[in-house]
Every structure is written in C-alpha cells, then in structure tokens.
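> My file is model.pdb. It has PDB, C-alpha atoms, pLDDT in the B column:
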ATOM      1  CA  MET A1308    -114.315  76.266 -75.552  1.00 59.00           C
ATOM      2  CA  SER A1309    -117.447  76.359 -73.464  1.00 84.00           C
ATOM      3  CA  ILE A1310    -117.273  76.300 -69.679  1.00 89.00           C
ATOM      4  CA  PRO A1311    -116.152  72.802 -68.616  1.00 94.00           C
ATOM      5  CA  LYS A1312    -118.066  70.855 -65.996  1.00 96.00           C
ATOM      6  CA  VAL A1313    -116.730  68.519 -63.319  1.00 97.00           C
ATOM      7  CA  GLY A1314    -116.550  65.041 -64.862  1.00 97.00           C
ATOM      8  CA  ASP A1315    -115.952  66.215 -68.448  1.00 96.00           C
ATOM      9  CA  THR A1316    -113.134  64.347 -70.192  1.00 96.00           C
ATOM     10  CA  PHE A1317    -110.679  65.332 -72.917  1.00 95.00           C
ATOM     11  CA  THR A1318    -107.416  64.114 -74.440  1.00 94.00           C
ATOM     12  CA  ARG A1319    -104.243  66.212 -74.268  1.00 90.00           C
ATOM     13  CA  LYS A1320    -100.477  65.938 -73.986  1.00 84.00           C
ATOM     14  CA  PRO A1321     -99.311  67.065 -70.517  1.00 81.00           C
ATOM     15  CA  SER A1322     -97.035  70.114 -70.496  1.00 76.00           C
ATOM     16  CA  ALA A1323     -94.547  68.156 -68.344  1.00 70.00           C
ATOM     17  CA  PHE A1324     -93.993  65.774 -71.293  1.00 70.00           C
ATOM     18  CA  SER A1325     -93.111  68.504 -73.776  1.00 66.00           C
ATOM     19  CA  ARG A1326     -89.366  67.880 -73.712  1.00 63.00           C
ATOM     20  CA  GLU A1327     -87.731  65.906 -76.515  1.00 63.00           C
ATOM     21  CA  GLY A1328     -86.893  62.258 -76.008  1.00 63.00           C
ATOM     22  CA  TRP A1329     -89.824  61.390 -73.734  1.00 62.00           C
ATOM     23  CA  SER A1330     -90.854  57.799 -74.415  1.00 64.00           C
ATOM     24  CA  GLY A1331     -94.067  57.835 -72.368  1.00 62.00           C
ATOM     25  CA  PRO A1332     -97.582  58.182 -73.683  1.00 61.00           C
ATOM     26  CA  VAL A1333     -98.106  61.108 -76.015  1.00 74.00           C
ATOM     27  CA  LEU A1334    -101.744  61.742 -75.106  1.00 87.00           C
ATOM     28  CA  LEU A1335    -103.537  61.160 -71.827  1.00 91.00           C
ATOM     29  CA  ARG A1336    -107.221  61.101 -71.000  1.00 95.00           C
ATOM     30  CA  TRP A1337    -108.000  63.930 -68.553  1.00 96.00           C
ATOM     31  CA  THR A1338    -111.018  64.328 -66.278  1.00 98.00           C
ATOM     32  CA  VAL A1339    -112.077  67.745 -64.980  1.00 97.00           C
ATOM     33  CA  ILE A1340    -112.056  67.688 -61.169  1.00 98.00           C
ATOM     34  CA  TYR A1341    -112.448  71.404 -60.294  1.00 97.00           C
ATOM     35  CA  VAL A1342    -113.875  74.469 -62.030  1.00 97.00           C
ATOM     36  CA  ASN A1343    -113.442  78.092 -60.897  1.00 95.00           C
ATOM     37  CA  GLU A1344    -115.758  80.102 -63.148  1.00 93.00           C
ATOM     38  CA  ARG A1345    -114.879  83.420 -61.529  1.00 93.00           C
ATOM     39  CA  HIS A1346    -111.194  83.117 -62.469  1.00 93.00           C
ATOM     40  CA  ARG A1347    -111.901  81.137 -65.666  1.00 94.00           C
ATOM     41  CA  LEU A1348    -109.746  78.218 -64.526  1.00 95.00           C
ATOM     42  CA  TYR A1349    -110.246  74.476 -64.319  1.00 96.00           C
ATOM     43  CA  THR A1350    -108.124  71.622 -62.969  1.00 97.00           C
ATOM     44  CA  ALA A1351    -107.982  68.195 -64.576  1.00 97.00           C
ATOM     45  CA  GLU A1352    -106.441  64.888 -63.510  1.00 96.00           C
ATOM     46  CA  ALA A1353    -104.988  62.029 -65.573  1.00 94.00           C
ATOM     47  CA  GLU A1354    -103.260  58.761 -64.731  1.00 93.00           C
ATOM     48  CA  CYS A1355     -99.892  57.814 -66.217  1.00 85.00           C
ATOM     49  CA  ASN A1356     -97.876  54.742 -65.202  1.00 83.00           C
ATOM     50  CA  GLY A1357     -99.740  54.483 -61.894  1.00 90.00           C
ATOM     51  CA  TYR A1358     -99.271  58.167 -60.992  1.00 90.00           C
ATOM     52  CA  ARG A1359    -101.997  60.796 -60.946  1.00 93.00           C
ATOM     53  CA  LEU A1360    -101.098  64.018 -62.712  1.00 91.00           C
ATOM     54  CA  ARG A1361    -102.934  67.290 -62.186  1.00 94.00           C
ATOM     55  CA  GLU A1362    -102.763  70.325 -64.389  1.00 93.00           C
ATOM     56  CA  SER A1363    -104.740  73.572 -64.467  1.00 94.00           C
ATOM     57  CA  PHE A1364    -105.969  75.286 -67.621  1.00 91.00           C
ATOM     58  CA  LYS A1365    -107.596  78.612 -68.513  1.00 92.00           C
ATOM     59  CA  PHE A1366    -110.826  78.662 -70.519  1.00 87.00           C
TER      60      PHE A1366
END
If you convert what's in this file into structure tokens, what do you get?

Amino acid sequence: MSIPKVGDTFTRKPSAFSREGWSGPVLLRWTVIYVNERHRLYTAEAECNGYRLRESFKF
C-alpha cells in the first residue's frame, strides 16, 4: 500500500466486529483523518448506526 493521504477512503471490516454473531454491517466505508509518516501509522474514521468509529492502521 502506498502512503495514504488525509481524505482517502477505503472499505474494511472493523476489528471490533470480528466476533461471531455480530449482525451489524460487515464492511464500512472509512475515511483517513490523520497520517503519521514518521511512525508509518494512519487513523481512519467510519460511521456505523449513528456512531463514529476510529481505528489506526500501519502502512
């Protein structure tokens, strides 16, 4: 993966939804809101049932 930029979007299943029996959405649309190139980390945000979820990823 190339270095993400703020505003980039992608689709992914949140790690919080990995347990069996979850009846919520399988995939969410994420938007990159923060990039730390020095530590090769970015934070993305998605909305699910009126709540905003944030998760950080390595690149």
> I would like the residues chosen by the PyMOL selection byres ((chain A and resi 1338) around 9) on the shown file; could you give them as a list in words?
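Answer for the PyMOL selection byres ((chain A and resi 1338) around 9): Val1313, Gly1314, Asp1315, Thr1316, Phe1317, Thr1318, Arg1336, Trp1337, Val1339, Ile1340, Thr1350, Ala1351, Glu1352 and Ala1353 of chain A.
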> What is the distance between CA of Tyr1349 in chain A and CA of Lys1365 in chain A, in Å to one decimal?
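CA of Lys1365 in chain A lies at a distance of 6.5 Å from CA of Tyr1349 in chain A.
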> Would you mind reading off the distance between CA of Ser1363 in chain A and CA of Leu1348 in chain A, one decimal, in Å?
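Separating CA of Ser1363 in chain A from CA of Leu1348 in chain A is a distance of 6.8 Å.
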> Mind telling me what the PyMOL selection byres ((chain A and resi 1310) around 9) catches here, as a list of chain:residue names?
A:Met1308, A:Ser1309, A:Pro1311, A:Lys1312, A:Val1342, A:Glu1344, A:Arg1347, A:Phe1366
> Using the chain letters and numbering of this document, enumerate as a ChimeraX atom specification the residues selected by the PyMOL selection byres ((chain A and resi 1334) around 9).
/A:1318-1321,1332-1333,1335-1336
> Listed atoms of range 1339-1344 of chain A, axis-aligned box, 5 Å per side: centre and edge lengths to one decimal in Å, as JSON?

{"center_x": -113.9, "center_y": 73.9, "center_z": -62.6, "size_x": 13.7, "size_y": 22.4, "size_z": 14.7}
